[in-house]
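Shown next: data-v3.cif, given as mmCIF, C-alpha atoms.
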```
data_final
#
loop_
_atom_site.label_atom_id
_atom_site.label_comp_id
_atom_site.auth_asym_id
_atom_site.auth_seq_id
_atom_site.Cartn_x
_atom_site.Cartn_y
_atom_site.Cartn_z
CA MET A 1 164.93 -28.01 215.55
CA ALA A 2 165.76 -31.66 214.82
CA GLU A 3 164.15 -32.78 218.07
CA ALA A 4 161.04 -30.84 217.41
CA ALA A 5 160.70 -32.40 214.00
CA SER A 6 161.21 -35.89 215.37
CA VAL A 7 158.59 -35.38 218.06
CA ALA A 8 156.17 -34.17 215.44
CA ALA A 9 156.90 -37.17 213.25
CA GLU A 10 156.33 -39.49 216.21
CA CYS A 11 152.97 -38.00 216.88
CA LEU A 12 151.96 -38.32 213.28
CA ALA A 13 153.03 -41.92 213.29
CA GLY A 14 151.04 -42.56 216.45
CA CYS A 15 147.99 -40.82 214.96
CA ARG A 16 147.39 -39.01 218.18
CA ALA A 17 146.15 -35.47 218.05
CA ARG A 18 148.09 -33.08 220.23
CA GLY A 19 146.65 -30.24 222.16
CA ALA A 20 147.14 -26.87 220.58
CA ARG A 21 148.22 -25.29 223.85
CA SER A 22 151.02 -27.75 224.34
CA VAL A 23 152.46 -27.13 220.90
CA LEU A 24 152.66 -23.35 220.96
CA GLY A 25 155.94 -22.09 219.58
CA GLN A 26 156.91 -25.52 218.28
CA VAL A 27 157.22 -26.72 214.74
CA VAL A 28 154.11 -28.33 213.31
CA LEU A 29 153.90 -30.29 210.09
CA PRO A 30 151.05 -30.42 207.59
CA GLY A 31 148.59 -33.15 208.34
CA GLU A 32 148.70 -32.80 212.10
CA GLU A 33 145.49 -32.40 213.98
CA LEU A 34 145.38 -30.13 216.95
CA LEU A 35 142.90 -30.22 219.77
CA LEU A 36 141.53 -27.04 221.15
CA PRO A 37 141.82 -26.52 224.91
CA GLU A 38 138.21 -27.45 225.68
CA GLN A 39 138.54 -30.73 223.88
CA GLU A 40 141.81 -31.50 225.61
CA ASP A 41 139.94 -31.88 228.88
CA ALA A 42 137.54 -34.30 227.31
CA GLU A 43 140.33 -36.45 225.91
CA GLY A 44 142.11 -36.74 229.20
CA PRO A 45 145.75 -37.68 229.62
CA GLY A 46 146.86 -40.56 227.43
CA GLY A 47 143.46 -40.91 225.79
CA ALA A 48 143.60 -44.07 223.73
CA GLY A 49 142.40 -43.60 220.21
CA GLU A 50 139.54 -41.40 219.30
CA ARG A 51 136.93 -40.98 221.94
CA PRO A 52 133.70 -39.48 220.73
CA LEU A 53 133.36 -35.99 222.08
CA SER A 54 130.34 -35.54 224.26
CA LEU A 55 128.47 -32.59 222.97
CA ASN A 56 126.97 -31.15 226.05
CA ALA A 57 125.89 -27.81 224.76
CA GLY A 58 124.44 -26.71 228.04
CA ALA A 59 127.42 -27.53 230.18
CA ARG A 60 130.21 -25.92 228.19
CA SER A 61 129.95 -22.54 226.57
CA ARG A 62 131.55 -22.56 223.16
CA VAL A 63 134.16 -19.94 222.65
CA ARG A 64 134.74 -18.74 219.11
CA VAL A 65 138.23 -19.59 217.99
CA ILE A 66 139.74 -18.13 214.85
CA CYS A 67 142.03 -20.34 212.85
CA GLY A 68 144.39 -18.22 210.83
CA PRO A 69 146.77 -18.81 207.96
CA GLY A 70 148.25 -22.30 207.83
CA LEU A 71 145.36 -23.92 209.67
CA ARG A 72 142.06 -25.38 208.60
CA ARG A 73 138.94 -26.47 210.34
CA CYS A 74 138.57 -30.23 210.42
CA GLY A 75 135.46 -31.18 212.29
CA ASP A 76 136.06 -29.80 215.75
CA ARG A 77 139.80 -29.77 215.44
CA LEU A 78 142.41 -27.72 213.67
CA LEU A 79 144.25 -29.27 210.77
CA VAL A 80 147.71 -27.95 209.98
CA THR A 81 148.31 -27.20 206.30
CA LYS A 82 151.68 -25.42 206.37
CA CYS A 83 154.87 -26.21 208.20
CA GLY A 84 156.08 -23.68 210.68
CA ARG A 85 155.72 -22.63 214.27
CA LEU A 86 152.33 -22.54 215.87
CA ARG A 87 151.41 -19.19 217.33
CA HIS A 88 148.55 -18.00 219.46
CA LYS A 89 147.20 -14.62 220.36
CA GLU A 90 144.95 -14.01 223.29
CA PRO A 91 141.67 -12.34 222.48
CA GLY A 92 141.14 -8.68 223.15
CA GLY A 93 137.53 -9.09 224.15
CA GLY A 94 135.03 -11.88 223.77
CA GLY A 95 135.76 -14.99 221.71
CA GLY A 96 138.69 -17.34 221.93
CA GLY A 97 142.06 -16.41 220.58
CA VAL A 98 143.66 -16.70 217.18
CA TYR A 99 145.84 -19.64 216.24
CA TRP A 100 148.08 -19.53 213.20
CA VAL A 101 151.20 -21.04 211.72
CA ASP A 102 154.20 -18.78 211.27
CA SER A 103 155.49 -20.11 207.99
CA GLN A 104 157.77 -18.83 205.28
CA GLN A 105 157.11 -18.60 201.60
CA LYS A 106 157.88 -16.49 198.58
CA ARG A 107 154.75 -16.97 196.55
CA TYR A 108 151.93 -14.63 197.48
CA VAL A 109 148.27 -15.62 197.51
CA PRO A 110 145.87 -12.66 197.48
CA VAL A 111 144.01 -12.19 200.72
CA LYS A 112 141.19 -9.76 201.33
CA GLY A 113 142.25 -6.67 203.22
CA ASP A 114 145.96 -6.94 202.48
CA HIS A 115 147.82 -3.85 201.34
CA VAL A 116 149.99 -4.69 198.36
CA ILE A 117 152.20 -3.05 195.78
CA GLY A 118 151.11 -3.78 192.26
CA ILE A 119 152.43 -2.93 188.81
CA VAL A 120 149.94 -1.76 186.21
CA THR A 121 150.25 -4.05 183.22
CA ALA A 122 147.27 -3.12 181.09
CA LYS A 123 144.56 -0.58 180.75
CA SER A 124 141.36 -1.86 179.23
CA GLY A 125 138.33 0.37 179.17
CA ASP A 126 137.44 1.28 182.71
CA ILE A 127 139.73 -1.02 184.61
CA PHE A 128 143.43 -1.47 185.06
CA LYS A 129 145.08 -4.85 185.24
CA VAL A 130 147.57 -4.87 188.08
CA ASP A 131 150.18 -7.54 188.61
CA VAL A 132 150.38 -8.36 192.32
CA GLY A 133 152.45 -11.52 192.16
CA GLY A 134 149.50 -13.86 192.46
CA SER A 135 148.13 -16.33 189.97
CA GLU A 136 146.05 -13.70 188.21
CA PRO A 137 146.40 -9.97 187.70
CA ALA A 138 144.06 -8.04 189.95
CA SER A 139 141.57 -5.62 188.51
CA LEU A 140 141.46 -2.02 189.65
CA SER A 141 138.68 0.25 188.58
CA TYR A 142 139.54 3.83 187.71
CA LEU A 143 136.83 5.02 190.10
CA SER A 144 138.57 3.47 193.07
CA PHE A 145 140.89 6.40 193.57
CA GLU A 146 140.29 9.32 195.85
CA GLY A 147 138.47 12.11 194.09
CA ALA A 148 137.98 10.16 190.88
CA THR A 149 134.83 10.68 188.89
CA LYS A 150 133.84 9.73 185.40
CA ARG A 151 135.06 13.04 184.10
CA ASN A 152 138.04 13.32 186.38
CA ARG A 153 140.10 10.24 185.67
CA PRO A 154 143.17 9.38 187.71
CA ASN A 155 146.51 9.77 186.03
CA VAL A 156 147.65 6.16 185.92
CA GLN A 157 149.86 4.78 183.16
CA VAL A 158 151.00 1.29 182.30
CA GLY A 159 154.08 0.53 184.37
CA ASP A 160 153.09 2.64 187.36
CA LEU A 161 153.35 1.30 190.88
CA ILE A 162 150.14 1.17 192.86
CA TYR A 163 149.70 0.74 196.61
CA GLY A 164 146.23 -0.59 197.28
CA GLN A 165 144.24 -3.17 199.18
CA PHE A 166 142.12 -6.11 198.13
CA VAL A 167 138.36 -6.02 198.43
CA VAL A 168 137.77 -9.36 196.76
CA ALA A 169 140.31 -12.12 196.99
CA ASN A 170 139.31 -15.75 197.01
CA LYS A 171 140.16 -18.82 195.06
CA ASP A 172 137.10 -18.66 192.87
CA MET A 173 137.27 -15.14 191.57
CA GLU A 174 139.69 -12.73 190.04
CA PRO A 175 141.12 -10.51 192.78
CA GLU A 176 139.94 -6.93 192.86
CA MET A 177 141.76 -4.09 194.51
CA VAL A 178 141.01 -0.51 195.34
CA CYS A 179 142.99 2.54 196.37
CA ILE A 180 140.47 4.03 198.78
CA ASP A 181 139.16 2.86 202.11
CA SER A 182 135.54 2.36 203.07
CA CYS A 183 135.14 6.07 203.82
CA GLY A 184 136.39 7.07 200.40
CA ARG A 185 139.73 8.45 201.60
CA ALA A 186 143.03 7.45 200.08
CA ASN A 187 144.98 6.97 203.33
CA GLY A 188 148.26 6.80 201.50
CA MET A 189 147.08 4.43 198.82
CA GLY A 190 147.26 5.15 195.13
CA VAL A 191 150.10 5.68 192.69
CA ILE A 192 153.54 5.55 194.27
CA GLY A 193 155.72 8.39 193.14
CA GLN A 194 158.58 8.62 190.73
CA ASP A 195 162.01 7.02 191.01
CA GLY A 196 162.89 4.63 193.77
CA LEU A 197 163.54 0.91 193.51
CA LEU A 198 161.16 -2.04 193.73
CA PHE A 199 162.48 -5.41 194.83
CA LYS A 200 161.12 -8.68 196.07
CA VAL A 201 161.63 -10.44 199.39
CA THR A 202 159.99 -13.33 201.20
CA LEU A 203 156.61 -12.84 202.84
CA GLY A 204 157.92 -13.72 206.26
CA LEU A 205 160.45 -10.90 206.12
CA ILE A 206 157.74 -8.36 205.37
CA ARG A 207 155.82 -9.40 208.44
CA LYS A 208 158.97 -9.33 210.51
CA LEU A 209 159.82 -5.83 209.33
CA LEU A 210 156.31 -4.57 209.94
CA ALA A 211 156.19 -5.87 213.48
CA PRO A 212 155.67 -3.03 215.95
CA ASP A 213 159.01 -3.58 217.72
CA CYS A 214 161.22 -4.16 214.72
CA GLU A 215 164.77 -3.02 215.41
CA ILE A 216 165.83 -3.16 211.79
CA ILE A 217 163.43 -0.45 210.74
CA GLN A 218 164.36 1.73 213.66
CA GLU A 219 168.05 1.47 212.83
CA VAL A 220 167.46 2.01 209.13
CA GLY A 221 165.47 5.11 209.87
CA LYS A 222 168.44 6.71 211.58
CA LEU A 223 170.76 6.38 208.59
CA TYR A 224 169.51 9.04 206.22
CA PRO A 225 166.24 10.46 204.93
CA LEU A 226 164.36 7.77 203.07
CA GLU A 227 160.98 6.43 202.20
CA ILE A 228 159.85 2.80 202.18
CA VAL A 229 156.62 1.17 201.13
CA PHE A 230 155.96 -2.44 202.15
CA GLY A 231 153.57 -4.61 200.19
CA MET A 232 152.26 -7.77 201.81
CA ASN A 233 152.93 -9.54 198.54
CA GLY A 234 156.64 -9.52 199.24
CA ARG A 235 157.45 -6.33 197.37
CA ILE A 236 159.29 -3.40 198.88
CA TRP A 237 159.78 -0.01 197.28
CA VAL A 238 162.52 2.23 198.60
CA LYS A 239 163.62 5.71 197.75
CA ALA A 240 166.42 7.89 199.07
CA LYS A 241 168.09 11.05 197.91
CA THR A 242 170.82 9.45 195.84
CA ILE A 243 170.91 6.26 193.85
CA GLN A 244 173.72 4.86 195.96
CA GLN A 245 171.77 5.34 199.18
CA THR A 246 168.77 3.65 197.61
CA LEU A 247 170.86 0.67 196.59
CA ILE A 248 172.46 0.38 200.00
CA LEU A 249 169.04 0.38 201.59
CA ALA A 250 167.75 -2.28 199.21
CA ASN A 251 170.76 -4.49 199.92
CA ILE A 252 170.33 -4.15 203.66
CA LEU A 253 166.68 -5.07 203.58
CA GLU A 254 167.28 -8.06 201.38
CA ALA A 255 170.19 -9.32 203.43
CA CYS A 256 168.80 -8.71 206.90
CA GLU A 257 166.68 -11.81 206.67
CA HIS A 258 169.70 -14.05 207.01
CA MET A 259 171.83 -11.95 209.32
CA THR A 260 172.07 -12.22 213.03
CA SER A 261 171.52 -9.07 215.01
CA ASP A 262 175.25 -8.73 215.71
CA GLN A 263 176.16 -8.83 212.04
CA ARG A 264 173.47 -6.31 211.37
CA LYS A 265 174.76 -3.94 214.01
CA GLN A 266 178.24 -4.22 212.57
CA ILE A 267 177.01 -3.26 209.13
CA PHE A 268 175.01 -0.35 210.46
CA SER A 269 177.93 1.00 212.42
CA ARG A 270 180.14 0.79 209.34
CA LEU A 271 177.54 2.64 207.33
CA ALA A 272 177.12 5.26 209.97
CA GLU A 273 180.84 5.95 209.85
CA SER A 274 181.06 6.39 206.09
CA LEU B 275 91.45 -35.95 180.83
CA ILE B 276 92.87 -32.52 180.64
CA SER B 277 92.81 -31.32 177.08
CA LYS B 278 93.64 -27.75 177.71
CA LYS B 279 96.90 -26.50 179.19
CA TRP B 280 96.99 -26.69 182.95
CA SER B 281 97.82 -23.04 183.25
CA GLU B 282 94.90 -22.01 181.09
CA LEU B 283 92.51 -23.95 183.22
CA PHE B 284 94.08 -22.78 186.43
CA MET B 285 93.88 -19.16 185.59
CA GLN B 286 90.24 -19.28 184.67
CA ARG B 287 88.29 -17.34 187.18
CA GLY B 288 85.16 -19.31 186.85
CA LEU B 289 86.89 -22.49 187.79
CA ASP B 290 85.81 -24.39 190.86
CA SER B 291 88.10 -24.45 193.82
CA GLU B 292 87.89 -28.22 193.75
CA THR B 293 89.15 -28.50 190.24
CA LYS B 294 91.85 -26.05 191.06
CA LYS B 295 93.03 -28.18 193.95
CA GLN B 296 93.05 -31.25 191.79
CA LEU B 297 95.11 -29.51 189.19
CA GLU B 298 97.57 -28.28 191.81
CA GLU B 299 98.05 -31.74 193.22
CA GLU B 300 98.66 -33.23 189.85
CA GLU B 301 101.12 -30.51 189.06
CA LYS B 302 102.99 -31.19 192.31
CA LYS B 303 103.19 -34.88 191.52
CA ILE B 304 104.71 -34.22 188.18
CA ILE B 305 107.21 -31.82 189.66
CA SER B 306 108.29 -34.05 192.53
CA GLU B 307 108.95 -36.95 190.21
CA GLU B 308 111.02 -34.84 187.91
CA HIS B 309 113.07 -33.17 190.59
CA TRP B 310 116.45 -34.71 191.24
CA TYR B 311 117.68 -35.19 194.76
CA LEU B 312 120.76 -36.58 196.44
CA ASP B 313 120.29 -40.00 197.90
CA LEU B 314 122.58 -39.31 200.83
CA PRO B 315 121.99 -39.42 204.55
CA GLU B 316 121.13 -36.06 205.95
CA LEU B 317 124.26 -34.28 207.09
CA LYS B 318 123.58 -32.10 210.03
CA GLU B 319 125.66 -28.97 209.83
CA LYS B 320 126.35 -28.18 213.42
CA GLU B 321 127.21 -24.65 214.16
CA SER B 322 130.94 -24.66 214.33
CA PHE B 323 132.76 -22.40 216.68
CA ILE B 324 135.92 -22.27 214.62
CA ILE B 325 136.18 -19.47 212.11
CA GLU B 326 138.64 -19.68 209.26
CA GLU B 327 140.52 -16.54 208.31
CA GLN B 328 143.34 -16.38 205.85
CA SER B 329 144.53 -12.92 206.72
CA PHE B 330 147.54 -12.10 208.84
CA LEU B 331 146.00 -8.82 209.91
CA LEU B 332 144.04 -10.52 212.66
CA CYS B 333 146.99 -12.48 213.90
CA GLU B 334 149.76 -9.97 214.18
CA ASP B 335 149.58 -6.28 214.83
CA LEU B 336 151.42 -4.97 211.83
CA LEU B 337 152.35 -1.37 211.29
CA TYR B 338 151.19 0.67 208.38
CA GLY B 339 153.00 -0.24 205.17
CA ARG B 340 154.20 3.21 204.13
CA MET B 341 157.05 4.71 206.05
CA SER B 342 159.19 7.77 205.76
CA PHE B 343 162.14 8.80 207.90
CA ARG B 344 163.92 12.03 208.63
CA GLY B 345 161.44 14.15 206.78
CA PHE B 346 161.82 12.63 203.35
CA ASN B 347 158.08 12.67 202.71
CA PRO B 348 156.17 14.77 205.27
CA GLU B 349 152.75 13.57 204.17
CA VAL B 350 153.71 9.96 204.70
CA GLU B 351 155.11 10.80 208.13
CA LYS B 352 151.81 12.37 209.08
CA LEU B 353 150.02 9.31 207.79
CA MET B 354 152.29 7.06 209.82
CA LEU B 355 151.33 8.81 213.03
CA HIS B 356 147.68 8.76 212.13
CA MET B 357 147.45 5.14 211.06
CA ASN B 358 149.65 3.68 213.74
CA ALA B 359 147.91 5.58 216.49
CA LYS B 360 144.55 4.43 215.21
CA HIS B 361 145.89 0.94 214.99
CA LYS B 362 147.08 0.91 218.57
CA ALA B 363 143.49 1.72 219.54
CA GLU B 364 144.51 4.66 221.60
CA GLU B 365 141.57 6.87 222.11
CA VAL B 366 142.08 9.85 219.93
CA GLU B 367 141.16 12.88 221.93
CA ASP B 368 138.30 14.76 220.51
CA GLU B 369 140.04 17.25 218.39
CA THR B 370 138.53 20.55 219.21
CA VAL B 371 139.10 22.54 216.12
CA GLU B 372 141.12 25.53 217.07
CA LEU B 373 139.04 28.50 216.32
CA ASP B 374 140.87 31.18 214.41
CA VAL B 375 137.97 33.53 214.80
CA SER B 376 135.80 33.58 217.90
CA ASP B 377 132.07 33.00 217.69
CA GLU B 378 131.21 36.55 218.62
CA GLU B 379 133.32 37.99 215.89
CA MET B 380 131.73 35.58 213.43
CA ALA B 381 128.30 36.81 214.43
CA ARG B 382 129.31 40.41 213.96
CA ARG B 383 130.78 39.67 210.56
CA TYR B 384 127.67 37.91 209.44
CA GLU B 385 125.53 40.86 210.39
CA THR B 386 127.39 43.11 208.04
CA LEU B 387 127.87 40.37 205.49
CA VAL B 388 124.16 40.09 204.91
CA GLY B 389 124.07 43.72 203.99
CA THR B 390 127.09 43.54 201.71
CA ILE B 391 125.81 40.63 199.71
CA GLY B 392 122.32 42.02 199.59
CA LYS B 393 123.71 45.23 198.17
CA LYS B 394 125.17 43.30 195.31
CA PHE B 395 121.80 42.07 194.18
CA ALA B 396 119.89 45.23 194.95
CA ARG B 397 118.66 47.38 192.14
CA LYS B 398 119.62 51.00 191.80
CA ARG B 399 116.49 52.19 193.51
CA ASP B 400 117.24 50.07 196.53
CA HIS B 401 120.70 51.47 196.90
CA ALA B 402 119.15 54.31 198.85
CA ASN B 403 118.30 51.79 201.53
CA TYR B 404 121.88 50.93 202.01
CA GLU B 405 123.11 54.05 203.64
CA GLU B 406 126.38 53.83 205.36
CA ASP B 407 126.37 54.63 208.98
CA GLU B 408 128.91 56.81 210.67
CA ASN B 409 130.83 53.74 211.72
CA GLY B 410 130.94 52.42 208.20
CA ASP B 411 128.60 49.54 208.99
CA ILE B 412 125.91 48.93 206.47
CA GLN B 413 122.40 49.13 207.85
CA PRO B 414 120.00 46.38 207.03
CA ILE B 415 117.39 46.88 204.33
CA LYS B 416 114.40 48.99 205.21
CA ALA B 417 110.97 47.66 204.50
CA LYS B 418 110.34 47.29 200.81
CA LYS B 419 107.53 49.26 199.24
CA MET B 420 104.71 46.81 199.01
CA PHE B 421 101.50 47.15 197.17
CA LEU B 422 98.93 48.89 199.37
CA LYS B 423 95.44 47.87 198.76
CA PRO B 424 93.19 50.88 198.33
CA GLN B 425 90.74 51.08 201.12
CA ASP B 426 87.77 51.62 199.02
#
```
Would you put the structure from the file into structure tokens?
Amino acid sequence: MAEAASVAAECLAGCRARGARSVLGQVVLPGEELLLPEQEDAEGPGGAGERPLSLNAGARSRVRVICGPGLRRCGDRLLVTKCGRLRHKEPGGGGGGVYWVDSQQKRYVPVKGDHVIGIVTAKSGDIFKVDVGGSEPASLSYLSFEGATKRNRPNVQVGDLIYGQFVVANKDMEPEMVCIDSCGRANGMGVIGQDGLLFKVTLGLIRKLLAPDCEIIQEVGKLYPLEIVFGMNGRIWVKAKTIQQTLILANILEACEHMTSDQRKQIFSRLAES
Amino acid sequence: LISKKWSELFMQRGLDSETKKQLEEEEKKIISEEHWYLDLPELKEKESFIIEEQSFLLCEDLLYGRMSFRGFNPEVEKLMLHMNAKHKAEEVEDETVELDVSDEEMARRYETLVGTIGKKFARKRDHANYEEDENGDIQPIKAKKMFLKPQD
């Protein structure tokens, strides 16, 4: 880790943009510029300073590259805005891949399309104000529930937990969320049931737990009957049959961020015995 | 020179096309002087091939956020299968709805159904039309008595 940071610092000092491909999986620092593969060829090895890129539209076909969280477009290059490891995903079809920075943070910033757990804080007229952990409470219209009409209002009280997704989330406007999808079906969204426990974790842990091949979730699922809801805003809601089981589950999920897989297996085996 | 309002003059039908043109030009001059503009060199926005997205959904394949294990919440477990299968882009086989009742039986039922419902709305006089067959099936309505025009 120390070497990676020193290499990055060197590059920043030398003001030389690195190729994105060469930095995959390494730590990048904010302020670095990354060259996309096509431009790397133009620069050539050991390119001194900034050579103007020859825009030969006919010769090279531009491939659409998506720059994800932690990266910004800076002219024809990618500018890093968060520190973390650079990741890349190959495209499924068409277009170039996706580049993003795998960073860690606790503060959530609303993003369109994210499924989050919110707490209803106020009910004013036709909309609910839902606290999602961002800078502003999101607004949720009472018509954005499955089967809701003007006469048939959903049964939502202040203090309820809501699982919904954002339809509007940018820095200029108040975020808006809904509990139905584009077809009008709930798909599991809406008011989360009674009891259970809501707690907060880091955003990186949520993504780690929701990865398709997450061992933690598979092991947790074998312990006892339980239900979990993950919100991309760092909130997890758990429920099990007894309060003690719920608390155990909450402690495991909070602690598993900092445990190695061996420690985790030890804990699970102890739990399985008791 | 122009005592009346420009718009009044302009809208007059009887006005010459020449005068109209003159008025238009003068109007344009006034407008272009009043309009503010940025005194900057023209920035050519080239079509960029980098798209900015702030969502992690594109980057990582994440599972559906609601989970239930060992039958705690059967609806959520069904949802899990549905959403994760959709997400993995497996082609969902065309679900042929299992027919509880075959088509032929449906057709037979409908035949008799028409009679049953019709009976409900029939008046007492029409009840005679609905005579039950030996099998118990209700025969369809016989021709209603229409008005017959006298021949002469």
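Run against this file, the PyMOL selection byres ((chain B) within 8 of (chain A)) gives back Ser322, Phe323, Ile324, Ile325, Glu326, Glu327, Gln328, Ser329, Phe330, Leu331, Leu332, Cys333, Glu334, Asp335, Leu336, Leu337, Tyr338, Gly339, Arg340, Met341, Ser342, Phe343, Arg344, Gly345, Phe346, Asn347, Val350 and Leu353 of chain B.
What the PyMOL selection byres ((chain A and resi 124-136) around 8) grabs from this file is A:Arg107, A:Tyr108, A:Val109, A:Pro110, A:Val116, A:Ile117, A:Gly118, A:Ile119, A:Val120, A:Thr121, A:Ala122, A:Lys123, A:Pro137, A:Ala138, A:Ser139, A:Leu140, A:Ser141, A:Tyr142, A:Glu174, A:Pro175, A:Asn233.
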Find the distance between CA of Pro30 (chain A) and CA of Gln104 (chain A) and write it in Å to one decimal.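 Distance reported for this atom pair: 13.6 Å.
The spacing separating CA of Val201 (chain A) from CA of Arg235 (chain A) amounts to 6.2 Å.
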So how many Å separate CA of Gln157 (chain A) and CA of Leu143 (chain A), to one decimal? 14.8 Å
List as a ChimeraX atom specification the residues having at least one atom at most 6 Å from position (158.5, -26.3, 216.1) as given in the file, counting all atoms listed in the file. /A:4,26-28,85
